[in-house]
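Peer 1: What follows is my_file_3.txt, compact mmCIF, C-alpha atoms.
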# COMPACT_ATOMS: atom_id res chain seq x y z
CA MET A 1 185.37 149.71 75.43
CA THR A 2 182.32 147.51 75.11
CA TRP A 3 181.99 146.18 78.67
CA ARG A 4 178.23 146.32 78.71
CA ALA A 5 177.90 144.49 75.38
CA GLU A 6 179.39 141.16 76.54
CA PRO A 7 177.61 138.66 78.77
CA ARG A 8 179.30 138.21 82.10
CA ASP A 9 180.53 134.68 81.53
CA GLU A 10 182.18 135.60 78.26
CA ARG A 11 183.88 138.56 79.90
CA LEU A 12 185.13 136.30 82.67
CA ASP A 13 186.44 133.78 80.15
CA ALA A 14 188.24 136.55 78.31
CA LEU A 15 189.81 137.83 81.54
CA LEU A 16 190.91 134.35 82.57
CA GLY A 17 192.32 133.74 79.14
CA ALA A 18 194.46 136.85 79.44
CA HIS A 19 195.32 136.75 83.15
CA GLY A 20 194.40 133.35 84.52
CA ALA A 21 197.97 132.11 84.86
CA ALA A 22 198.95 135.32 86.68
CA LEU A 23 196.05 134.88 89.10
CA GLY A 24 197.10 131.31 89.75
CA ARG A 25 200.65 132.43 90.57
CA LEU A 26 199.33 135.16 92.80
CA ALA A 27 197.13 132.67 94.65
CA ALA A 28 200.17 130.43 95.10
CA SER A 29 202.03 133.31 96.76
CA TYR A 30 199.38 133.48 99.52
CA THR A 31 199.11 129.76 100.21
CA ARG A 32 201.19 126.85 101.40
CA THR A 33 199.74 123.85 99.59
CA GLY A 34 198.34 123.07 96.17
CA ALA A 35 194.85 122.42 97.56
CA GLU A 36 194.85 125.74 99.40
CA ARG A 37 196.05 127.52 96.28
CA ASP A 38 193.22 125.97 94.23
CA ASP A 39 190.62 127.04 96.83
CA LEU A 40 191.92 130.60 96.87
CA PHE A 41 192.05 130.69 93.09
CA GLN A 42 188.40 129.71 92.92
CA GLU A 43 187.50 132.39 95.47
CA ILE A 44 189.33 134.96 93.35
CA VAL A 45 187.58 133.92 90.17
CA LEU A 46 184.19 133.93 91.87
CA ALA A 47 184.88 137.38 93.34
CA ILE A 48 185.82 138.69 89.90
CA TRP A 49 182.66 137.21 88.41
CA LYS A 50 180.54 138.91 91.10
CA ALA A 51 182.32 142.24 90.63
CA LEU A 52 182.15 142.36 86.83
CA PRO A 53 178.68 143.96 86.52
CA ARG A 54 179.83 146.93 88.62
CA PHE A 55 183.06 147.50 86.71
CA ARG A 56 182.80 150.53 84.45
CA GLY A 57 186.39 150.80 83.29
CA GLU A 58 187.47 153.21 86.05
CA CYS A 59 190.87 151.52 86.05
CA SER A 60 192.68 149.10 83.78
CA GLU A 61 191.55 145.52 83.47
CA ARG A 62 194.77 144.34 85.12
CA THR A 63 194.36 146.72 88.05
CA PHE A 64 190.77 145.59 88.49
CA ILE A 65 191.51 141.87 88.72
CA PHE A 66 194.74 142.21 90.71
CA ARG A 67 192.98 144.36 93.30
CA ILE A 68 190.33 141.69 93.73
CA ALA A 69 192.95 138.93 93.78
CA HIS A 70 195.07 140.59 96.45
CA ASN A 71 192.00 141.41 98.53
CA ARG A 72 190.92 137.77 98.44
CA GLY A 73 194.47 136.79 99.33
CA LEU A 74 194.44 139.02 102.40
CA ALA A 75 191.03 137.68 103.42
CA HIS A 76 192.41 134.16 103.02
CA LEU A 77 195.36 134.96 105.30
CA VAL A 78 193.03 136.28 107.98
CA LYS A 79 190.59 133.39 107.86
CA ARG A 80 193.07 130.57 107.55
CA ARG A 81 193.64 128.60 110.70
CA ALA A 82 197.23 129.02 111.71
CA GLN A 83 199.29 128.34 114.77
CA ALA A 84 200.05 131.48 116.74
CA ASP A 85 203.71 131.65 115.75
CA GLY A 86 202.82 130.56 112.21
CA TRP A 87 200.39 133.49 111.94
CA MET A 88 203.07 135.94 112.96
CA GLU A 89 205.44 134.38 110.44
CA GLU A 90 202.98 135.23 107.68
CA LEU A 91 203.30 138.88 108.57
CA ASP A 92 206.93 139.07 109.54
CA VAL A 93 209.70 136.73 108.44
CA ALA A 94 208.76 133.16 107.69
CA SER A 95 210.39 130.17 109.29
CA PRO A 96 213.26 128.72 107.25
CA ALA A 97 212.07 125.18 107.92
CA PRO A 98 209.76 123.91 105.13
CA ASP A 99 207.22 121.12 105.63
CA PRO A 100 207.90 117.73 103.95
CA GLU A 101 205.57 118.42 101.01
CA GLN A 102 207.33 121.66 100.24
CA ALA A 103 210.77 120.18 100.80
CA LEU A 104 210.23 117.77 97.91
CA ALA A 105 208.85 120.52 95.67
CA LYS A 106 211.70 122.83 96.55
CA ALA A 107 214.13 120.34 95.05
CA GLN A 108 212.72 121.34 91.70
CA GLU A 109 214.43 124.30 90.16
CA GLY A 110 211.28 126.14 89.20
CA ARG A 111 209.98 126.23 92.78
CA ARG A 112 212.89 128.17 94.24
CA LEU A 113 211.61 131.60 93.44
CA LEU A 114 208.01 130.82 94.42
CA ASP A 115 209.17 129.43 97.75
CA ALA A 116 211.31 132.49 98.40
CA VAL A 117 208.41 134.81 97.52
CA GLN A 118 206.02 132.88 99.77
CA ARG A 119 208.32 133.50 102.69
CA LEU A 120 208.53 137.26 102.24
CA PRO A 121 206.65 139.51 104.66
CA ILE A 122 203.22 140.27 103.27
CA GLY A 123 203.87 143.92 102.34
CA TYR A 124 206.95 142.98 100.29
CA ARG A 125 205.30 139.89 98.84
CA GLN A 126 202.48 141.91 97.32
CA VAL A 127 204.84 144.34 95.61
CA VAL A 128 207.13 141.58 94.34
CA THR A 129 204.38 139.42 92.86
CA LEU A 130 202.95 142.38 90.97
CA THR A 131 206.42 143.37 89.74
CA LEU A 132 207.07 139.84 88.56
CA GLU A 133 203.81 139.98 86.61
CA GLY A 134 205.13 143.04 84.78
CA LEU A 135 203.27 145.86 86.50
CA GLY A 136 205.02 149.21 86.86
CA TYR A 137 205.30 151.32 90.01
CA ALA A 138 202.25 153.42 89.17
CA GLU A 139 200.06 150.43 88.52
CA ILE A 140 201.26 148.62 91.66
CA ALA A 141 200.54 151.76 93.71
CA ASP A 142 197.07 151.85 92.17
CA VAL A 143 196.37 148.21 93.05
CA LEU A 144 197.62 148.38 96.61
CA GLY A 145 196.53 151.91 97.49
CA ILE A 146 200.05 153.06 98.46
CA THR A 147 202.41 155.69 97.05
CA GLU A 148 204.87 154.99 94.26
CA SER A 149 207.79 155.83 96.56
CA ASN A 150 206.47 153.25 99.00
CA VAL A 151 206.36 150.73 96.16
CA GLY A 152 209.98 151.48 95.32
CA ALA A 153 211.16 151.20 98.92
CA ARG A 154 209.36 147.90 99.46
CA LEU A 155 210.61 146.47 96.19
CA THR A 156 214.22 147.39 96.98
CA ARG A 157 214.06 145.72 100.36
CA ALA A 158 212.18 142.70 98.95
CA ARG A 159 214.81 142.15 96.28
CA GLN A 160 217.53 142.19 98.92
CA MET A 161 215.67 139.52 100.85
CA LEU A 162 215.10 137.43 97.74
CA ARG A 163 218.80 137.56 96.84
CA GLN A 164 219.70 136.25 100.27
CA ARG A 165 217.31 133.33 99.89
CA LEU A 166 217.94 132.35 96.29
CA MET B 1 217.32 152.29 78.80
CA GLU B 2 218.98 150.16 81.47
CA ILE B 3 217.92 146.53 81.41
CA ASP B 4 217.36 144.89 84.77
CA LEU B 5 218.77 141.43 84.02
CA GLU B 6 218.11 140.07 87.46
CA LEU B 7 214.45 141.10 87.33
CA GLU B 8 214.06 139.70 83.82
CA ARG B 9 215.50 136.36 84.93
CA TRP B 10 213.19 136.25 87.92
CA GLN B 11 210.21 137.19 85.79
CA GLY B 12 210.99 134.35 83.40
CA GLU B 13 211.30 131.86 86.26
CA TRP B 14 208.13 133.20 87.90
CA ARG B 15 205.99 133.05 84.79
CA ALA B 16 207.03 129.49 84.07
CA HIS B 17 204.36 128.49 86.62
CA GLU B 18 200.90 128.16 85.15
CA ALA B 19 199.15 126.83 88.26
CA ILE B 20 195.53 126.94 87.08
CA PRO B 21 193.33 124.31 88.75
CA ALA B 22 191.65 121.77 86.52
CA ASP B 23 187.85 121.67 86.22
CA LEU B 24 187.66 125.33 87.17
CA ALA B 25 184.36 126.06 85.47
CA ARG B 26 182.46 123.42 87.45
CA GLN B 27 183.91 124.60 90.75
CA VAL B 28 183.16 128.27 90.10
CA ALA B 29 179.61 127.36 89.03
CA ARG B 30 179.12 125.54 92.34
CA GLY B 31 180.21 128.67 94.22
CA ARG B 32 177.68 130.71 92.28
CA ARG B 33 174.85 128.32 93.14
CA TRP B 34 175.60 128.59 96.87
CA MET B 35 175.49 132.37 96.60
CA TRP B 36 172.00 132.32 95.08
CA TRP B 37 170.79 129.82 97.68
CA GLY B 38 171.89 132.19 100.48
CA VAL B 39 169.91 135.10 99.05
CA ALA B 40 166.87 132.89 98.30
CA SER B 41 166.78 131.49 101.82
CA GLU B 42 166.75 134.97 103.39
CA ILE B 43 163.82 136.00 101.22
CA ALA B 44 162.06 132.68 101.84
CA VAL B 45 162.24 133.05 105.62
CA THR B 46 160.78 136.56 105.47
CA ALA B 47 158.06 135.48 103.05
CA VAL B 48 157.07 132.37 105.02
CA VAL B 49 157.06 133.97 108.47
CA GLY B 50 155.65 137.34 107.44
CA GLY B 51 153.38 136.06 104.73
CA GLY B 52 152.23 133.15 106.85
CA SER B 53 151.21 135.31 109.80
CA LEU B 54 149.44 137.78 107.51
CA GLY B 55 147.63 135.02 105.69
CA TRP B 56 146.55 133.44 108.97
CA ALA B 57 145.22 136.78 110.22
CA LEU B 58 143.22 137.34 107.04
CA VAL B 59 141.76 133.84 107.03
CA SER B 60 140.98 133.53 110.73
CA ARG B 61 139.84 137.14 111.32
CA ARG B 62 140.75 136.68 115.01
CA ALA B 63 141.99 139.62 117.04
CA ASP B 64 144.80 137.64 118.65
CA VAL B 65 146.08 136.41 115.29
CA THR B 66 145.89 139.93 113.85
CA MET B 67 147.94 141.13 116.77
CA LEU B 68 150.45 138.37 116.12
CA ALA B 69 150.74 139.36 112.46
CA ALA B 70 151.20 143.01 113.42
CA GLY B 71 153.93 142.02 115.87
CA VAL B 72 155.69 139.81 113.30
CA TRP B 73 155.74 142.55 110.68
CA THR B 74 156.93 145.12 113.21
CA ILE B 75 159.82 142.85 114.13
CA ILE B 76 160.62 142.19 110.45
CA ALA B 77 160.70 145.95 109.83
CA ILE B 78 163.03 146.46 112.80
CA ALA B 79 165.30 143.63 111.64
CA TRP B 80 165.57 144.97 108.08
CA THR B 81 166.17 148.53 109.35
CA LEU B 82 168.98 147.32 111.60
CA SER B 83 170.41 145.34 108.71
CA VAL B 84 170.49 148.42 106.45
CA LEU B 85 171.94 150.66 109.18
CA LEU B 86 174.70 148.21 110.02
CA ARG B 87 175.62 147.83 106.35
CA ARG B 88 176.00 151.59 105.71
CA GLY B 89 179.41 152.36 104.26
CA ALA B 90 180.34 148.70 104.34
CA TRP B 91 179.57 147.69 100.78
CA GLN B 92 182.49 146.74 98.58
CA PRO B 93 183.03 148.55 95.28
CA ALA B 94 184.58 146.42 92.58
CA THR B 95 187.69 148.58 92.19
CA MET B 96 188.69 148.82 95.83
CA THR B 97 192.43 149.03 96.55
CA THR B 98 193.89 146.49 98.95
CA ALA B 99 194.52 149.18 101.54
CA ALA B 100 190.88 150.24 101.39
CA PHE B 101 189.79 146.60 101.40
CA LEU B 102 191.65 146.01 104.64
CA GLU B 103 189.96 149.02 106.28
CA LEU B 104 186.59 147.80 105.07
CA SER B 105 187.23 144.31 106.43
CA ILE B 106 188.02 145.81 109.84
CA LEU B 107 184.84 147.91 109.67
CA ARG B 108 182.79 144.85 108.76
CA CYS B 109 184.16 142.94 111.75
CA GLU B 110 183.24 145.80 114.04
CA ARG B 111 179.79 146.06 112.49
CA GLY B 112 179.42 142.32 112.90
CA LEU B 113 180.08 142.66 116.60
CA GLN B 114 177.53 145.49 116.81
CA ALA B 115 175.08 143.36 114.87
CA LEU B 116 175.40 140.57 117.43
CA VAL B 117 174.33 142.95 120.18
CA ALA B 118 171.40 144.19 118.07
CA GLN B 119 170.39 140.62 117.23
CA ALA B 120 170.52 139.60 120.88
CA ALA B 121 168.26 142.52 121.78
CA LEU B 122 165.90 141.67 118.93
CA TYR B 123 165.83 138.04 120.03
CA VAL B 124 164.79 139.08 123.55
CA VAL B 125 162.02 141.26 122.06
CA ILE B 126 160.80 138.43 119.82
CA LEU B 127 160.90 135.90 122.64
CA GLY B 128 159.14 138.26 125.02
CA PHE B 129 156.46 139.11 122.47
CA ASP B 130 155.84 135.45 121.62
CA LEU B 131 155.63 134.38 125.26
CA VAL B 132 153.28 137.23 126.16
CA TRP B 133 151.10 136.49 123.13
CA LEU B 134 150.94 132.77 123.89
CA TYR B 135 150.19 133.38 127.55
CA SER B 136 147.58 136.09 126.89
CA PHE B 137 145.61 134.07 124.37
CA GLY B 138 146.23 130.62 125.83
CA ALA B 139 144.37 128.65 128.44
CA GLU B 140 147.11 128.75 131.04
CA THR B 141 146.28 130.87 134.10
CA SER B 142 149.51 130.50 136.09
CA VAL B 143 152.57 132.31 134.78
CA TRP B 144 154.90 129.74 136.34
CA GLY B 145 152.77 126.94 134.91
CA PHE B 146 153.03 128.49 131.47
CA LEU B 147 156.78 129.09 131.67
CA THR B 148 157.47 125.52 132.70
CA ARG B 149 155.36 123.85 130.02
CA PRO B 150 157.52 121.34 128.09
CA ALA B 151 157.12 123.16 124.77
CA VAL B 152 158.08 126.49 126.32
CA VAL B 153 161.04 124.95 128.13
CA LEU B 154 162.26 123.28 124.96
CA ILE B 155 161.80 126.14 122.53
CA ALA B 156 162.24 129.22 124.71
CA TRP B 157 164.77 128.23 127.35
CA ILE B 158 166.82 125.47 125.74
CA GLY B 159 166.56 127.19 122.38
CA SER B 160 167.80 130.42 123.96
CA LEU B 161 170.71 128.59 125.53
CA VAL B 162 171.70 127.16 122.15
CA ALA B 163 171.35 130.56 120.48
CA ALA B 164 173.40 132.26 123.21
CA THR B 165 176.16 129.67 122.89
CA ALA B 166 176.27 130.12 119.11
CA ALA B 167 176.35 133.91 119.50
CA LEU B 168 179.24 133.74 121.98
CA TRP B 169 181.18 131.42 119.66
CA TYR B 170 180.62 133.74 116.69
CA ARG B 171 181.58 136.80 118.77
CA ARG B 172 184.85 135.14 119.73
CA ARG B 173 185.52 134.30 116.06
CA LEU B 174 184.83 137.88 114.97
CA ARG B 175 187.11 139.32 117.65
CA ARG B 176 189.93 136.97 116.59
CA GLU B 177 189.40 137.96 112.98
CA ARG B 178 189.48 141.67 113.91
CA ALA B 179 192.72 141.15 115.84
CA ARG B 180 194.31 139.44 112.82
CA LEU B 181 193.16 142.23 110.52
CA LEU B 182 194.64 144.87 112.83
CA GLN B 183 197.93 142.92 112.92
CA LEU B 184 197.86 142.71 109.14
CA ARG B 185 197.29 146.45 108.86
CA ARG B 186 200.23 147.12 111.16
CA ALA B 187 202.43 144.75 109.16
CA LEU B 188 201.52 146.46 105.88
CA GLU B 189 202.07 149.93 107.33
CA GLU B 190 205.50 148.91 108.57
CA GLY B 191 206.31 147.16 105.26
Can you give me the file's structure in the form of structure tokens?
Peer 2:
Amino acid sequence: MTWRAEPRDERLDALLGAHGAALGRLAASYTRTGAERDDLFQEIVLAIWKALPRFRGECSERTFIFRIAHNRGLAHLVKRRAQADGWMEELDVASPAPDPEQALAKAQEGRRLLDAVQRLPIGYRQVVTLTLEGLGYAEIADVLGITESNVGARLTRARQMLRQRL
Amino acid sequence: MEIDLELERWQGEWRAHEAIPADLARQVARGRRWMWWGVASEIAVTAVVGGGSLGWALVSRRADVTMLAAGVWTIIAIAWTLSVLLRRGAWQPATMTTAAFLELSILRCERGLQALVAQAALYVVILGFDLVWLYSFGAETSVWGFLTRPAVVLIAWIGSLVAATAALWYRRRLRRERARLLQLRRALEEG
């Protein structure tokens, strides 16, 4: 590993080249609109850029960036202005009624899964998004700071909920 | 090895989304510039206020100005000490798990609320010191006359009212944020 050899910007470019699309999808899972997703994505990228000098390869590259991305996502959920019942829906079960912007997007085939994931409770959403990006139980546990058995239990329940919605 | 067809199908559908914002480099660069401005402004304030009072004391060689400089630097030392104490254990390592991040965010909110109390106390000390210094080395003989001078009313009393209002607003925001974080922690534990 030659982390120290590369300038920070080049390292960031390399990371975004390899994982940028995944980070964009992850940002989309925490947000409701395209503009919000873009803002969160920028926060994630900036947070990764700031954290790069302190990264010494203690974990895998994927674990490193997904930890930062999910942490920024949680911070975004906390800071975002939401109506009282809307806030609770973020944590629990989301309302089945989409807003007009999302209703149009939902008509497109490719949005079905994203919409269903966005409406999962936050604990299940985190596990599902990482699974969909190809991470295994051990890696997901490492990112989220939970046990592998917890990952399995959440994933099982999340898949049941997704099947009902898809 | 058993193939999970459902998961494979979902993964294919999921990864069909690219969703990377255009013009990313420019937007990230702007975020970096704001970060450096924040750090620079903190240093600038300390340098101007502390350096300015010290420079004035050295140039004027007046006892009252020397006392002012000593007071300014004492307050700066107290402020920096409080800042370091309130940040202990609250720095964020790059490889923090999301569970640990949540705990740290809660800790930071609580430290923020403690910091508000410390800052309010420090503000009272600064205001008191400044008023005593101005009164002691000014021409005013009546305390009431001094306290009701237009400049004192504007800066000390109205300024304090504005600062108190801002502090109360920020305190309310921090408490709301802490409540949301605690809800989030409960939701993740139950998940």
Peer 1: List the neighbours of Trp157 of chain B out to 12 Å using only C-alpha atoms; skip same-chain residues closer than 3 positions along the sequence, and give me the result as a ChimeraX atom specification.
Peer 2: /B:124,127-128,131,147-154,160-164
Peer 1: Taking (188.0, 132.2, 108.9) in the file's own coordinates, collect the residues within 10 Å, counting all atoms listed in the file, and hand them back as a PyMOL selection string.
Peer 2: (chain A and resi 75-81) or (chain B and resi 173-174+176-177)
Peer 1: With C-alpha atoms retained, export the selected residues as a PDB file, in the coordinates of the input.
Peer 2:
ATOM      1  CA  ALA A  75     191.030 137.680 103.420  1.00  0.00           C
ATOM      2  CA  HIS A  76     192.410 134.160 103.020  1.00  0.00           C
ATOM      3  CA  LEU A  77     195.360 134.960 105.300  1.00  0.00           C
ATOM      4  CA  VAL A  78     193.030 136.280 107.980  1.00  0.00           C
ATOM      5  CA  LYS A  79     190.590 133.390 107.860  1.00  0.00           C
ATOM      6  CA  ARG A  80     193.070 130.570 107.550  1.00  0.00           C
ATOM      7  CA  ARG A  81     193.640 128.600 110.700  1.00  0.00           C
TER       8      ARG A  81
ATOM      9  CA  ARG B 173     185.520 134.300 116.060  1.00  0.00           C
ATOM     10  CA  LEU B 174     184.830 137.880 114.970  1.00  0.00           C
ATOM     11  CA  ARG B 176     189.930 136.970 116.590  1.00  0.00           C
ATOM     12  CA  GLU B 177     189.400 137.960 112.980  1.00  0.00           C
TER      13      GLU B 177
END
Peer 1: Find the residues in chain A near chain B: any atom within 8 Å counts, using only C-alpha atoms. Write them as a ChimeraX atom specification.
Peer 2: /A:20-22,24-25,28,38,41-42,45-46,51-52,54-55,58-59,64,67-68,70-71,74,78-79,91-92,110,113-114,121-124,132-134,142-146,154
Peer 1: Could you tell me which of A:Ile65, A:Leu135, A:Leu120, A:Leu166 comes closest to His19 of chain A if we count only C-alpha atoms?
Peer 2: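 So, comparing all the options, the nearest one is A:Ile65.
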Peer 1: Go through B:Leu116, B:Gly55, B:Ala44, B:Asp130 one by one, measure the shortest atom-to-atom distance of each to Gly71 of chain B using all atoms listed in the file, and give the residue with the smallest value.
Peer 2: B:Asp130
Peer 1: Could you work out how far atom CA of Val49 of chain B lies from atom CA of Ala77 of chain B, giving the answer in Å with one decimal?
Peer 2: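 One can read the atom CA of Ala77 of chain B to atom CA of Val49 of chain B distance as 12.6 Å.
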Peer 1: Separation of atom CA of Cys109 of chain B and atom CA of Glu139 of chain A, in Å?
Peer 2: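 Distance between the two atoms: 29.1 Å.
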Peer 1: With only C-alpha atoms as the counted atoms, please give the residues lying no more than 7 Å from Ala27 of chain A, apart from itself and same-chain residues fewer than 3 positions off, as a ChimeraX atom specification.
Peer 2: /A:23-24,30-31,37,40-41,73
Peer 1: With N, CA, C and O atoms retained, output segment 60-72 of chain B as a CSV table (one decimal), in the first residue's frame.
Peer 2:
chain,number,residue,atom,x,y,z
B,60,SER,N,2.5,52.3,24.0
B,60,SER,CA,2.1,53.4,24.9
B,60,SER,C,2.8,53.5,26.2
B,60,SER,O,3.0,54.5,26.8
B,61,ARG,N,3.2,52.3,26.7
B,61,ARG,CA,3.9,52.2,28.0
B,61,ARG,C,3.1,52.7,29.1
B,61,ARG,O,3.6,53.2,30.1
B,62,ARG,N,1.8,52.7,29.0
B,62,ARG,CA,0.9,53.1,30.0
B,62,ARG,C,0.5,52.0,30.9
B,62,ARG,O,0.2,50.9,30.4
B,63,ALA,N,0.3,52.2,32.2
B,63,ALA,CA,0.0,51.2,33.1
B,63,ALA,C,-1.4,50.6,32.8
B,63,ALA,O,-1.7,49.4,32.9
B,64,ASP,N,-2.4,51.5,32.5
B,64,ASP,CA,-3.7,51.0,32.3
B,64,ASP,C,-3.8,50.2,31.0
B,64,ASP,O,-4.5,49.1,31.0
B,65,VAL,N,-3.0,50.5,30.0
B,65,VAL,CA,-3.0,49.7,28.8
B,65,VAL,C,-2.4,48.4,29.0
B,65,VAL,O,-2.8,47.3,28.5
B,66,THR,N,-1.3,48.4,29.8
B,66,THR,CA,-0.6,47.1,30.1
B,66,THR,C,-1.6,46.2,30.9
B,66,THR,O,-1.6,45.0,30.6
B,67,MET,N,-2.4,46.8,31.8
B,67,MET,CA,-3.3,46.0,32.5
B,67,MET,C,-4.4,45.4,31.6
B,67,MET,O,-4.8,44.3,31.7
B,68,LEU,N,-4.8,46.2,30.6
B,68,LEU,CA,-5.7,45.8,29.6
B,68,LEU,C,-5.2,44.6,28.8
B,68,LEU,O,-5.8,43.6,28.6
B,69,ALA,N,-3.9,44.7,28.4
B,69,ALA,CA,-3.3,43.6,27.6
B,69,ALA,C,-3.2,42.4,28.4
B,69,ALA,O,-3.5,41.3,27.9
B,70,ALA,N,-2.8,42.5,29.7
B,70,ALA,CA,-2.7,41.4,30.6
B,70,ALA,C,-4.1,40.7,30.7
B,70,ALA,O,-4.2,39.5,30.7
B,71,GLY,N,-5.1,41.5,30.9
B,71,GLY,CA,-6.5,41.0,31.0
B,71,GLY,C,-6.9,40.3,29.7
B,71,GLY,O,-7.5,39.2,29.8
B,72,VAL,N,-6.6,40.9,28.6
B,72,VAL,CA,-7.0,40.2,27.3
B,72,VAL,C,-6.3,38.9,27.1
B,72,VAL,O,-7.0,37.9,26.8
